[in-house]
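Have a look at the structure below, then the notes.
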Amino acid sequence: MNKIFKIVWSKSRQCYIVVSEYAKNTSGKKSVATALVAFAVLAGSSAVQAAPPGGEGVLSALWIGSGASASGENSMAIGRAAKSTENKSIAIGSDAKAYGRPLTGIWPNKEVHPATAIGAHSFADGDSTLAVGFGTNASNTKATAVGANASATGTDSTVVGSGASTNQASASVLGSNATVTGVAGTAVGSSSTAANNSFAGGNNAMATGGNSVAIGVTTKASGTGSVAVGNTAQATNNSTTAVGDGAKATGISGSAFGQNANASASFALAVGVGARASDIYTSAFGSGASAGGTYGTAIGTNAKANVGPGTAIGANANAEGDGSTAVGGTNAPGVQNVTIAGNAVSITNNAYAKGQNSLAVGYQTRSMGIEAVAVGTKAVANGTWSVAVGRDLFAKGKNSVAMGESSQAMTDNAVAVGLRNNSTGGSAVTLGRDLTANGEYSAAIGSSSSASGQFALAIGTGYAGGNPATPSSYGANASGNSSIAIGRSTQATAMGATAIGGAQDDSALGAKASGVYATAIGGLSEASGAGALALGSNNNGFGAKATGEKAIAVGAAATASGARSVVVGVNSSATSNDAQAIGNSASVGSNYGTALGTFATVAGNADRGIAIGNSNQASTATTVKVADGIALGSYSVADKGAGVSGYNMTALRDNSYAGTTGAFTSGLGALAIGTGQKTRQITGVAAGNADTDAVNVAQLRSVSSRVKAYNENTANGASDYILANQALVAKSTDKDKLEIQALNTNEGVTLTFTPKTTAVIQNGNSLVTAGAVYTAIDKAKTHYVSVKSTENNNRDNNGASGLNSVAIGGAVGVSGDESIGIGHSITGNSDGERSVLLGSQIMNLNREGVLIGQNLFNKGTNNILIGKGIAANDAYASNNVVLGNGATLSGAQAVLIGKGTGSYGASTVTIGDGTTAGTQAHPSAGAVTIGKGAKSYGASAVTIGDGASVGTAAQAVTNSVAIGKGATATGASSVVIGDHARSSNEGSVAIGYSNSVSADNGVAIGNGTSVTAIDGVAIGNSSMANRAPGVTGYDANDNKTDKYAGLTGRAIMSNHGAVSIGGNGFSRQIIGVSAGSADTDAVNVAQLKSVNLGFAGNTGTSDVNLAKSTLGIKGDNTYIKTSAVGRNLTITPNIQNITMNGTSASAGTGLADANNVASAINTAVNSAGWKIKAMGSGLGVRTGDTEETRIGNNDSVLLQAGDNLVINKTGNRFTYSLNPVLNHLTKAMFTSGSDVTTIDANSITMTSSGISLTNSGINAGNKVISNVASGG
């Protein structure tokens, strides 16, 4: 017989049946023993997510990664050693920590104070904290830190940028390595620094003085209340102002305006390229002008007043003597000498000078205040030391200045320069036309603009007429205290609000910031929530909107209406609290939801949902529809909520794995990486070990049936077998005053124009009265004033040819009506009406421009150009705001801040040295570019970070985002967030340091991750997603006859790129996985541990759990022995051979081999025989011989009946009996005990009774014989 008879599959028992047969023999008898052994191998695995069922109050957590933990309700931890300890907190990334604060109150009215940490080693500890990026730290209430190693440890602080940091409350930091050291400070730009209530904008900018402002590269504002604007500008003492590249203001209350201008003494003022004011109360106006003597004044190119209280007016004028005055390019060498080149000034009969030492020059001028100056037509200087120069002017306040036409300086220290301006607030400044500065220390520059809030700044142009019909046609409006509005029709209406970005036309609105400390950048952008940021606009009439408290919206038509929501991308939205939507058309409608990618969506009822992935249309968007759901990758839809029971393979099992409790029913929304029709593999998965960990294919392939062998109770071997703003801030000074002094000498009359009102004009040892001056220069009768120069242009005071225009300086020509030109070599043609031109080498060819600086060129309308070497070359380049040197632009409604910036396209925002938005051949409308050397090539691009770029000059891309130092997005609709991250394909997403995506719709999250497969997803540091669609997984049906029908199609072959959480040489666990139920769901370890082996016997069925138990196949060690070695199980009978000893057989206890049994039987049969011997016993009589006779196997024995015997044979039974008739007997004896009856031929004798019957008679043995019948 066979040792193993057969192996069969039992369909009813769902297991294999192995049958063995053995024969055994004991005690000389033949028998056959049959044993039945049954066992089965069953394996399978799928990823799952586990959590207990219940209401939201008991929702469980999600954690994925080795050593990760999420202990708060609804919390999440994804990544190696990631930790989330408080309710609804999120930690994503290796070693990420999100601690948050505990819930307060009673459900469902609990207050939630979660923390969010995204990125390797990120740390978020505190109420509503957010830390995004490698090594980030947000560890105080509502602190936000974004960027590698960024740190925000102050309450309500915000930090964006690699290495940026602050530990101060309400601080804002934007830029790599930037820092804020004081409360409510703002630092924008790489390595910038800001102190309390200060603003630093630009790389290496330092605003270290309290309430200071520093704007520009390597700019420094270290004094309290100091302002420095321009590259390397320095304002290093209290209340100092330095504006222009290299400008320096080092004396107390000193001011320097212009490239390399220097005000080194207290209360000194230097205006112009290279101007120097080096002693107290000195003033220098003009390129190369120098005022070095106490109270000295120099006005004009290279004018010098370096000795005592001298005055020099005009190009190359030199006041050499102590207290001397030189006008018109002459020298005044003597003490208190006055020299005038030509008859340049006259005083009319209608002028009236009432104030002590005052001066009135011109028709109906009035000088009513002490040492006041009024020059022009109907100019009135009422205030002490006030100045009014021009037509219909009113300088009412002390130290007030009014210049131009129909302007008023109504309060102390107020300045009004231009047409129809009103400076009514204390120390207010207006520069342009139709301006109003009502707030104390406010400033309005441009046209039709208003600064009504305290410390407010408004820069912009508006409606061309004098009385605009609707508010939308106004210029800039800064009505909130400390607010800033820059651009056409911009509005900053709340305290600390900032609005930058002009309107496209008269009917449109510019940027609007109506929330406290809100910031709006870009035309039509709106920031109405407190602390909100809106950045972005486009040419289709849609700007960014941030209406929620502390909300952030970046991108055209981006909307952030939820409190603390963050939106980045065109047409994206976040309508619930603490939501994040990043990517074009991304949307989040639930609290704490996160959507990353184009069209990524988190539905309104899906609180805490996370959607990551790109799509080209809303119908195939990555979508989360349930609370706590997660959707990763394009087409993915998370619509399976908590409380779903997974596939339970322990059903109908007698022996099941106990760890399935809680692992088979999810407690949170599902993680989806595809849909029912589109699936992905999860690659790079480390082997899970917890019950809710994910299982990889290697574990599935390694599922083993554990087998042990026993001899009685002793084991005999064991084995088994296999079965992831810059806000432009400026501050005015109250030291801009103009003083006019007159001195009569033998050489003529000298008029000195200087922004000082404290100096007096002396001649010898006596003062010159206004009447004496009036008599001396009565014959000149000049109606309007032009400063003379050696230049031919404007030499004869004819540079101002436009109606109501003003031209001051050599080679200054202003042909446009109501325009102002002050400086040197300035040209404003007839189309440049209502423009303001200040500086040198300026050419303006269109209307309503504001050009301040050197080497400026403008062809567009309503432009504001401040700096050096700026060119607006296109006639369509209108409504732009430019602050910085070397800028070039050709589009409309653009904002450029920084050195060497470039803008080609409408509604762009470009902030930072060397930044560029588009090219002449490929304009980039609606692009936002922030950071040194950042580049945006493509419409609606968002580029933030030094060296970051979207698209290339040769290949523009649309709707893409690149945020981070060196970040690169060259694919259309792609999103890149992180230093040196890059994405080259359409719809791709790269979030984290140095990530790389080179396939369409790829998603990389972490640091150093890469995606090279289409639709691939890489999550976690150094993860690689390089497995393309169409990969066939491990097929457990191979070489099987009874196959699972569901292992086919998308269940065995992927149709999307893989999801990877590991890379070459390393892997990660996926934890917090609920048990899968569909064929394409992932399997958790609990399901794997629940795999059972079913088996059946001759009677009954059972099973064994492969995770905790071992199927033992044991012999009784008497008849059967088993042994497990390697992958082999050997079942061996305990064979005991039958030994023949002559005619007898012997064997030990055990089983006999069938051949041996047969042989023994044959031997026994062949050698068996009978020994027969005749013997007598008792009265028996033996006859014949006494020897034994052997009867052999083939011999026969004759059984013969003798006399008086009968033999009967029935089958193999022989029966002997007496013959009924006995013959030939001579005597017979019958014995019973002691009684003997003897019968012989002659008698019958009974010895016991003495009775005998003989042939001679009867002996009755003395017994009575009775009842004898009659003999007769």
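Following the order of the structure tokens, chains are lettered A, B, ..., residues in each are numbered from 1, and ligands are numbered from 1.
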
- Message: When you look at Val554 (chain A) with a cut-off of 8 Å (counting only C-alpha atoms), what residues show up, excluding the ones that are within fewer than 2 positions of it in the same chain? I need them as a list of chain:residue names.
- Response: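 Once the nearby chain positions are removed, what remains is A:Leu533, A:Ala534, A:Leu535, A:Gly536, A:Ala544, A:Ile552, A:Ala556, A:Ala558, A:Val567, A:Val568, A:Gly569, A:Val570, A:Val942.
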
With N, CA and C atoms retained, write the just-selected residues as an mmCIF file, in the first residue's frame.
data_model
loop_
_atom_site.group_PDB
_atom_site.id
_atom_site.type_symbol
_atom_site.label_atom_id
_atom_site.label_comp_id
_atom_site.auth_asym_id
_atom_site.auth_seq_id
_atom_site.Cartn_x
_atom_site.Cartn_y
_atom_site.Cartn_z
ATOM 1 N N LEU A 533 -4.763 88.345 4.829
ATOM 2 C CA LEU A 533 -3.859 88.659 3.725
ATOM 3 C C LEU A 533 -4.495 88.183 2.434
ATOM 4 N N ALA A 534 -4.676 89.130 1.456
ATOM 5 C CA ALA A 534 -5.176 88.789 0.129
ATOM 6 C C ALA A 534 -4.132 89.226 -0.884
ATOM 7 N N LEU A 535 -3.678 88.294 -1.717
ATOM 8 C CA LEU A 535 -2.589 88.577 -2.640
ATOM 9 C C LEU A 535 -2.932 87.985 -3.987
ATOM 10 N N GLY A 536 -3.164 88.859 -4.998
ATOM 11 C CA GLY A 536 -3.393 88.350 -6.333
ATOM 12 C C GLY A 536 -4.557 89.016 -7.031
ATOM 13 N N ALA A 544 -8.005 88.340 -5.317
ATOM 14 C CA ALA A 544 -8.034 87.494 -4.122
ATOM 15 C C ALA A 544 -8.889 88.143 -3.043
ATOM 16 N N ILE A 552 -5.715 83.865 4.793
ATOM 17 C CA ILE A 552 -4.719 84.167 3.769
ATOM 18 C C ILE A 552 -5.252 83.660 2.433
ATOM 19 N N ALA A 556 -5.374 84.832 -8.130
ATOM 20 C CA ALA A 556 -6.532 85.480 -8.712
ATOM 21 C C ALA A 556 -7.799 84.718 -8.361
ATOM 22 N N ALA A 558 -8.896 83.879 -5.665
ATOM 23 C CA ALA A 558 -8.797 83.037 -4.468
ATOM 24 C C ALA A 558 -9.650 83.639 -3.356
ATOM 25 N N VAL A 567 -5.500 80.006 1.582
ATOM 26 C CA VAL A 567 -5.833 79.654 0.208
ATOM 27 C C VAL A 567 -4.708 80.136 -0.701
ATOM 28 N N VAL A 568 -4.173 79.234 -1.516
ATOM 29 C CA VAL A 568 -3.134 79.589 -2.485
ATOM 30 C C VAL A 568 -3.520 78.971 -3.817
ATOM 31 N N GLY A 569 -3.809 79.802 -4.823
ATOM 32 C CA GLY A 569 -4.147 79.271 -6.130
ATOM 33 C C GLY A 569 -5.274 80.041 -6.776
ATOM 34 N N VAL A 570 -5.326 80.018 -8.100
ATOM 35 C CA VAL A 570 -6.358 80.717 -8.858
ATOM 36 C C VAL A 570 -7.698 80.016 -8.662
ATOM 37 N N VAL A 942 2.089 82.114 -9.273
ATOM 38 C CA VAL A 942 2.425 82.594 -7.934
ATOM 39 C C VAL A 942 3.818 82.074 -7.599
#

- Query: So which residues of region 785-871 of chain A fall under strand (DSSP E) by DSSP, listed as a ChimeraX atom specification?
  - Reply: /A:806-808,812-814,820-828,836-844,850-858,864-871

Can you spit out the residues from that selection as a tab-separated table (two decimals), in the first residue's frame, using N, CA and C atoms?
chain	number	residue	atom	x	y	z
A	806	VAL	N	4.48	123.64	-12.78
A	806	VAL	CA	5.59	124.15	-11.99
A	806	VAL	C	6.87	123.45	-12.45
A	807	ALA	N	7.93	124.26	-12.74
A	807	ALA	CA	9.22	123.69	-13.13
A	807	ALA	C	10.30	124.35	-12.29
A	808	ILE	N	11.02	123.56	-11.50
A	808	ILE	CA	12.09	124.07	-10.65
A	808	ILE	C	13.34	123.25	-10.91
A	812	VAL	N	14.84	121.62	-16.69
A	812	VAL	CA	13.54	121.06	-16.35
A	812	VAL	C	12.51	121.65	-17.29
A	813	GLY	N	11.81	120.79	-18.03
A	813	GLY	CA	10.77	121.25	-18.93
A	813	GLY	C	9.49	120.48	-18.70
A	814	VAL	N	8.42	121.18	-18.34
A	814	VAL	CA	7.14	120.55	-18.04
A	814	VAL	C	6.09	121.17	-18.95
A	820	ILE	N	4.07	119.07	-12.22
A	820	ILE	CA	5.14	119.61	-11.38
A	820	ILE	C	6.44	118.89	-11.73
A	821	GLY	N	7.51	119.69	-12.00
A	821	GLY	CA	8.84	119.13	-12.24
A	821	GLY	C	9.86	119.83	-11.36
A	822	ILE	N	10.51	119.07	-10.47
A	822	ILE	CA	11.50	119.62	-9.56
A	822	ILE	C	12.75	118.76	-9.63
A	823	GLY	N	13.91	119.38	-9.96
A	823	GLY	CA	15.16	118.63	-10.03
A	823	GLY	C	16.02	119.09	-11.17
A	824	HIS	N	16.60	118.13	-11.91
A	824	HIS	CA	17.53	118.45	-12.98
A	824	HIS	C	17.30	117.49	-14.14
A	825	SER	N	17.36	118.07	-15.35
A	825	SER	CA	17.20	117.30	-16.58
A	825	SER	C	15.91	116.50	-16.55
A	826	ILE	N	14.80	117.24	-16.46
A	826	ILE	CA	13.48	116.61	-16.41
A	826	ILE	C	12.68	117.06	-17.62
A	827	THR	N	12.01	116.07	-18.28
A	827	THR	CA	11.18	116.40	-19.43
A	827	THR	C	9.80	115.79	-19.22
A	828	GLY	N	8.78	116.67	-19.27
A	828	GLY	CA	7.40	116.20	-19.22
A	828	GLY	C	6.67	116.78	-20.40
A	836	VAL	N	3.65	114.43	-11.48
A	836	VAL	CA	4.62	114.93	-10.50
A	836	VAL	C	5.96	114.29	-10.80
A	837	LEU	N	6.99	115.12	-11.11
A	837	LEU	CA	8.30	114.63	-11.49
A	837	LEU	C	9.34	115.23	-10.55
A	838	LEU	N	10.01	114.40	-9.75
A	838	LEU	CA	11.00	114.87	-8.79
A	838	LEU	C	12.28	114.06	-8.97
A	839	GLY	N	13.44	114.75	-9.20
A	839	GLY	CA	14.71	114.04	-9.33
A	839	GLY	C	15.50	114.55	-10.51
A	840	SER	N	16.20	113.64	-11.20
A	840	SER	CA	17.03	114.02	-12.33
A	840	SER	C	16.92	112.96	-13.42
A	841	GLN	N	17.18	113.40	-14.66
A	841	GLN	CA	17.15	112.54	-15.83
A	841	GLN	C	15.83	111.78	-15.91
A	842	ILE	N	14.75	112.57	-15.91
A	842	ILE	CA	13.41	112.00	-15.93
A	842	ILE	C	12.71	112.40	-17.21
A	843	MET	N	12.04	111.41	-17.84
A	843	MET	CA	11.22	111.71	-19.02
A	843	MET	C	9.85	111.07	-18.83
A	844	ASN	N	8.81	111.92	-18.92
A	844	ASN	CA	7.44	111.45	-18.75
A	844	ASN	C	6.64	111.80	-19.99
A	850	VAL	N	3.57	109.80	-11.37
A	850	VAL	CA	4.37	110.25	-10.24
A	850	VAL	C	5.74	109.58	-10.38
A	851	LEU	N	6.77	110.37	-10.74
A	851	LEU	CA	8.11	109.86	-10.97
A	851	LEU	C	9.06	110.54	-10.00
A	852	ILE	N	9.66	109.77	-9.12
A	852	ILE	CA	10.58	110.31	-8.10
A	852	ILE	C	11.86	109.50	-8.15
A	853	GLY	N	12.99	110.17	-8.45
A	853	GLY	CA	14.27	109.46	-8.49
A	853	GLY	C	15.14	109.92	-9.63
A	854	GLN	N	15.91	109.00	-10.20
A	854	GLN	CA	16.91	109.33	-11.22
A	854	GLN	C	16.78	108.36	-12.39
A	855	ASN	N	16.97	108.91	-13.61
A	855	ASN	CA	16.96	108.10	-14.83
A	855	ASN	C	15.66	107.31	-14.95
A	856	LEU	N	14.55	108.06	-14.99
A	856	LEU	CA	13.23	107.42	-15.06
A	856	LEU	C	12.60	107.72	-16.41
A	857	PHE	N	11.87	106.69	-16.96
A	857	PHE	CA	11.20	106.85	-18.26
A	857	PHE	C	9.81	106.26	-18.15
A	858	ASN	N	8.80	107.04	-18.63
A	858	ASN	CA	7.42	106.59	-18.49
A	858	ASN	C	6.62	106.91	-19.74
A	864	ILE	N	3.22	105.20	-10.93
A	864	ILE	CA	4.02	105.71	-9.83
A	864	ILE	C	5.37	105.01	-9.89
A	865	LEU	N	6.44	105.78	-10.22
A	865	LEU	CA	7.78	105.23	-10.36
A	865	LEU	C	8.69	105.92	-9.36
A	866	ILE	N	9.22	105.16	-8.39
A	866	ILE	CA	10.09	105.72	-7.35
A	866	ILE	C	11.37	104.90	-7.34
A	867	GLY	N	12.52	105.57	-7.66
A	867	GLY	CA	13.78	104.85	-7.66
A	867	GLY	C	14.70	105.37	-8.75
A	868	LYS	N	15.59	104.48	-9.22
A	868	LYS	CA	16.59	104.85	-10.21
A	868	LYS	C	16.57	103.84	-11.36
A	869	GLY	N	16.65	104.37	-12.61
A	869	GLY	CA	16.74	103.51	-13.76
A	869	GLY	C	15.48	102.70	-14.01
A	870	ILE	N	14.32	103.31	-13.85
A	870	ILE	CA	13.06	102.60	-14.05
A	870	ILE	C	12.50	102.98	-15.41
A	871	ALA	N	12.01	101.98	-16.15
A	871	ALA	CA	11.47	102.24	-17.49
A	871	ALA	C	10.10	101.60	-17.63

- Please measure the separation of CA of Asp691 (chain A) and CA of Lys1089 (chain A), giving the value in Å to one decimal. 7.8 Å

- With only C-alpha atoms as the basis for distance, which of A:Asn302, A:Thr1012, A:Thr325, A:Asn804 is at the shortest distance from Arg391 (chain A)? A:Asn804

- Query: Leaving out region 128-135 of chain A and any residue of its chain fewer than 5 positions from it, which residues lie within 6 Å of it when counting only C-alpha atoms, given as a ChimeraX atom specification?
  - Reply: /A:113-122,142-149

With N, CA and C atoms kept, could you save the residues just selected as a short mmCIF file (atom, residue, chain, number, x, y, z; two decimals), in the first residue's frame?
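part.cif, freshly written:
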data_model
loop_
_atom_site.label_atom_id
_atom_site.label_comp_id
_atom_site.auth_asym_id
_atom_site.auth_seq_id
_atom_site.Cartn_x
_atom_site.Cartn_y
_atom_site.Cartn_z
N HIS A 113 -8.75 73.44 20.06
CA HIS A 113 -7.50 74.20 19.98
C HIS A 113 -6.41 73.31 19.40
N PRO A 114 -6.54 72.93 18.14
CA PRO A 114 -5.60 71.95 17.58
C PRO A 114 -4.31 72.61 17.11
N ALA A 115 -3.34 71.78 16.88
CA ALA A 115 -2.08 72.20 16.27
C ALA A 115 -1.90 71.42 14.98
N THR A 116 -1.17 72.02 14.03
CA THR A 116 -0.88 71.36 12.76
C THR A 116 0.62 71.47 12.47
N ALA A 117 1.25 70.32 12.26
CA ALA A 117 2.68 70.28 11.93
C ALA A 117 2.85 69.44 10.68
N ILE A 118 3.36 70.04 9.61
CA ILE A 118 3.54 69.35 8.33
C ILE A 118 5.00 69.51 7.91
N GLY A 119 5.71 68.42 7.79
CA GLY A 119 7.11 68.46 7.40
C GLY A 119 7.97 67.70 8.41
N ALA A 120 9.07 67.12 7.93
CA ALA A 120 9.97 66.38 8.81
C ALA A 120 10.49 67.27 9.93
N HIS A 121 10.42 66.77 11.17
CA HIS A 121 10.92 67.46 12.37
C HIS A 121 10.17 68.77 12.64
N SER A 122 9.00 68.94 12.05
CA SER A 122 8.20 70.13 12.34
C SER A 122 7.60 70.00 13.73
N LYS A 142 -1.67 80.44 18.42
CA LYS A 142 -1.98 80.89 17.06
C LYS A 142 -0.73 81.29 16.30
N ALA A 143 0.38 80.69 16.61
CA ALA A 143 1.62 80.95 15.87
C ALA A 143 1.61 80.15 14.57
N THR A 144 2.21 80.72 13.52
CA THR A 144 2.31 80.07 12.21
C THR A 144 3.75 80.14 11.72
N ALA A 145 4.31 78.98 11.34
CA ALA A 145 5.67 78.92 10.81
C ALA A 145 5.65 78.09 9.54
N VAL A 146 6.08 78.68 8.42
CA VAL A 146 6.09 78.00 7.12
C VAL A 146 7.48 78.15 6.51
N GLY A 147 8.11 77.02 6.16
CA GLY A 147 9.43 77.06 5.57
C GLY A 147 10.42 76.25 6.39
N ALA A 148 11.43 75.70 5.72
CA ALA A 148 12.42 74.86 6.41
C ALA A 148 13.06 75.63 7.56
N ASN A 149 13.02 75.02 8.77
CA ASN A 149 13.64 75.56 9.98
C ASN A 149 13.05 76.90 10.40
#

- Using only C-alpha atoms, the residue out of A:Gly884, A:Gly684, A:Gly230, A:Gly931 with shortest distance to Val188 (chain A) is A:Gly931

- Query: How many Å separate CA of Met1246 (chain A) from CA of Ser1266 (chain A)?
  - Reply: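 Taking CA of Met1246 (chain A) as the start and CA of Ser1266 (chain A) as the end point, the length is 19.2 Å.
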
- Query: Expressed in Å to a single decimal, how great is the separation between CA of Thr958 (chain A) and CA of Gly583 (chain A)?
  - Reply: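 The value is 12.0 Å.
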
- Task: Point out the residue among A:Met76, A:Ala437, A:Ala1145, A:Ile1161 with the least atom-to-atom distance to Tyr592 (chain A), counting only C-alpha atoms.
- Result: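 That would be A:Met76, the residue with the smallest distance to Tyr592 (chain A).
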
Neighbouring residues of region 961-972 of chain A were defined as those with any atom within 7 Å, considering only C-alpha atoms; residues of the same chain fewer than 2 positions away were excluded. Please report them as a PDB file with C-alpha atoms, in the first residue's frame.
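Final file, result-v4.pdb:
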ATOM      1  CA  GLY A 161      10.569  81.420   4.925  1.00  0.00           C
ATOM      2  CA  ALA A 941       1.543  82.290 -11.636  1.00  0.00           C
ATOM      3  CA  VAL A 942       2.425  82.594  -7.934  1.00  0.00           C
ATOM      4  CA  THR A 943       6.159  82.619  -7.153  1.00  0.00           C
ATOM      5  CA  ILE A 944       7.343  83.289  -3.594  1.00  0.00           C
ATOM      6  CA  GLY A 945      10.947  82.788  -2.454  1.00  0.00           C
ATOM      7  CA  ASP A 946      14.482  83.764  -3.354  1.00  0.00           C
ATOM      8  CA  GLY A 947      15.401  82.256  -6.704  1.00  0.00           C
ATOM      9  CA  ALA A 948      11.989  80.618  -7.069  1.00  0.00           C
ATOM     10  CA  SER A 949      10.537  80.338 -10.577  1.00  0.00           C
ATOM     11  CA  VAL A 950       7.386  79.384 -12.459  1.00  0.00           C
ATOM     12  CA  GLY A 951       7.935  78.385 -16.074  1.00  0.00           C
ATOM     13  CA  THR A 952      10.886  79.576 -18.152  1.00  0.00           C
ATOM     14  CA  VAL A 957       3.082  77.903 -17.954  1.00  0.00           C
ATOM     15  CA  THR A 958      -0.261  79.003 -16.507  1.00  0.00           C
ATOM     16  CA  ASN A 959      -1.870  78.724 -13.078  1.00  0.00           C
ATOM     17  CA  SER A 974       1.506  72.674 -10.912  1.00  0.00           C
ATOM     18  CA  VAL A 975       2.107  73.517  -7.228  1.00  0.00           C
ATOM     19  CA  VAL A 976       5.575  73.596  -5.642  1.00  0.00           C
ATOM     20  CA  ILE A 977       6.018  74.523  -1.968  1.00  0.00           C
ATOM     21  CA  GLY A 978       9.445  74.146  -0.373  1.00  0.00           C
ATOM     22  CA  ASP A 979      13.030  75.266  -0.779  1.00  0.00           C
ATOM     23  CA  HIS A 980      14.642  73.869  -3.944  1.00  0.00           C
ATOM     24  CA  ALA A 981      11.555  71.812  -4.721  1.00  0.00           C
ATOM     25  CA  ARG A 982      10.778  71.388  -8.424  1.00  0.00           C
ATOM     26  CA  SER A 983       7.966  70.212 -10.646  1.00  0.00           C
ATOM     27  CA  SER A 984       8.260  69.888 -14.408  1.00  0.00           C
ATOM     28  CA  ASN A 985       4.943  68.376 -15.473  1.00  0.00           C
ATOM     29  CA  GLU A 986       1.317  69.426 -15.737  1.00  0.00           C
ATOM     30  CA  GLY A 987      -0.881  69.140 -12.678  1.00  0.00           C
TER      31      GLY A 987
END

- Looking at A:Asn1007, A:Ala96, A:Asn605, A:Ile215, which one is nearest to Lys899 (chain A), with distances taken over only C-alpha atoms?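 Going through A:Asn1007, A:Ala96, A:Asn605, A:Ile215 one by one, the smallest distance to Lys899 (chain A) is for A:Ile215.
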
Near region 274-277 of chain A, within 8 Å and counting only C-alpha atoms, which residues show up once chain neighbours fewer than 3 positions away are dropped, as a compact mmCIF listing (two decimals) with N, CA and C atoms, in the first residue's frame?
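Contents of around.txt, freshly written:
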# COMPACT_ATOMS: atom_id res chain seq x y z
N ALA A 256 17.28 112.36 4.49
CA ALA A 256 18.06 112.30 3.25
C ALA A 256 17.20 111.65 2.19
N GLY A 258 17.23 110.73 -1.95
CA GLY A 258 18.01 110.65 -3.17
C GLY A 258 19.17 109.69 -3.04
N GLN A 259 19.64 109.23 -4.19
CA GLN A 259 20.75 108.27 -4.18
C GLN A 259 21.98 108.88 -3.53
N ASN A 260 22.50 108.15 -2.54
CA ASN A 260 23.71 108.56 -1.81
C ASN A 260 23.56 109.90 -1.10
N ALA A 261 22.35 110.38 -0.92
CA ALA A 261 22.15 111.59 -0.12
C ALA A 261 22.54 111.30 1.32
N ASN A 262 23.07 112.37 2.03
CA ASN A 262 23.59 112.14 3.37
C ASN A 262 23.20 113.31 4.28
N ALA A 263 22.42 112.99 5.33
CA ALA A 263 22.07 113.99 6.35
C ALA A 263 22.70 113.51 7.65
N SER A 264 23.92 114.03 7.94
CA SER A 264 24.71 113.46 9.03
C SER A 264 24.59 114.24 10.33
N ALA A 265 23.85 115.35 10.34
CA ALA A 265 23.73 116.15 11.56
C ALA A 265 22.27 116.18 12.01
N ALA A 268 19.15 117.88 10.04
CA ALA A 268 19.65 118.18 8.70
C ALA A 268 18.73 117.57 7.66
N LEU A 269 18.70 118.21 6.44
CA LEU A 269 17.87 117.73 5.35
C LEU A 269 18.68 117.75 4.07
N ALA A 270 18.77 116.55 3.38
CA ALA A 270 19.50 116.45 2.12
C ALA A 270 18.57 115.82 1.10
N VAL A 271 18.31 116.53 -0.02
CA VAL A 271 17.42 116.05 -1.06
C VAL A 271 18.14 116.12 -2.39
N THR A 282 20.91 122.15 8.76
CA THR A 282 21.30 122.45 7.38
C THR A 282 20.35 121.77 6.42
N SER A 283 20.30 122.36 5.18
CA SER A 283 19.44 121.81 4.14
C SER A 283 20.16 121.86 2.81
N ALA A 284 20.10 120.72 2.07
CA ALA A 284 20.73 120.66 0.75
C ALA A 284 19.74 120.05 -0.22
N PHE A 285 19.41 120.82 -1.31
CA PHE A 285 18.48 120.36 -2.33
C PHE A 285 19.19 120.33 -3.68
N GLY A 286 19.20 119.19 -4.34
CA GLY A 286 19.80 119.11 -5.65
C GLY A 286 20.93 118.11 -5.71
N SER A 287 21.18 117.62 -6.92
CA SER A 287 22.24 116.64 -7.12
C SER A 287 23.59 117.26 -6.74
N GLY A 288 24.30 116.63 -5.82
CA GLY A 288 25.61 117.10 -5.39
C GLY A 288 25.58 118.33 -4.50
N ALA A 289 24.39 118.78 -4.11
CA ALA A 289 24.31 119.94 -3.23
C ALA A 289 24.92 119.63 -1.87
N SER A 290 25.55 120.70 -1.25
CA SER A 290 26.23 120.48 0.02
C SER A 290 25.95 121.65 0.96
N ALA A 291 25.44 121.31 2.18
CA ALA A 291 25.21 122.33 3.20
C ALA A 291 25.96 121.88 4.45
N GLY A 292 27.12 122.56 4.72
CA GLY A 292 27.98 122.10 5.81
C GLY A 292 28.08 123.06 6.98

- Check region 978-1212 of chain A with DSSP on the backbone and list each residue it calls helix (DSSP H, G or I), as an NGL selection string. :A and (1049-1051 or 1085-1089 or 1154-1167)
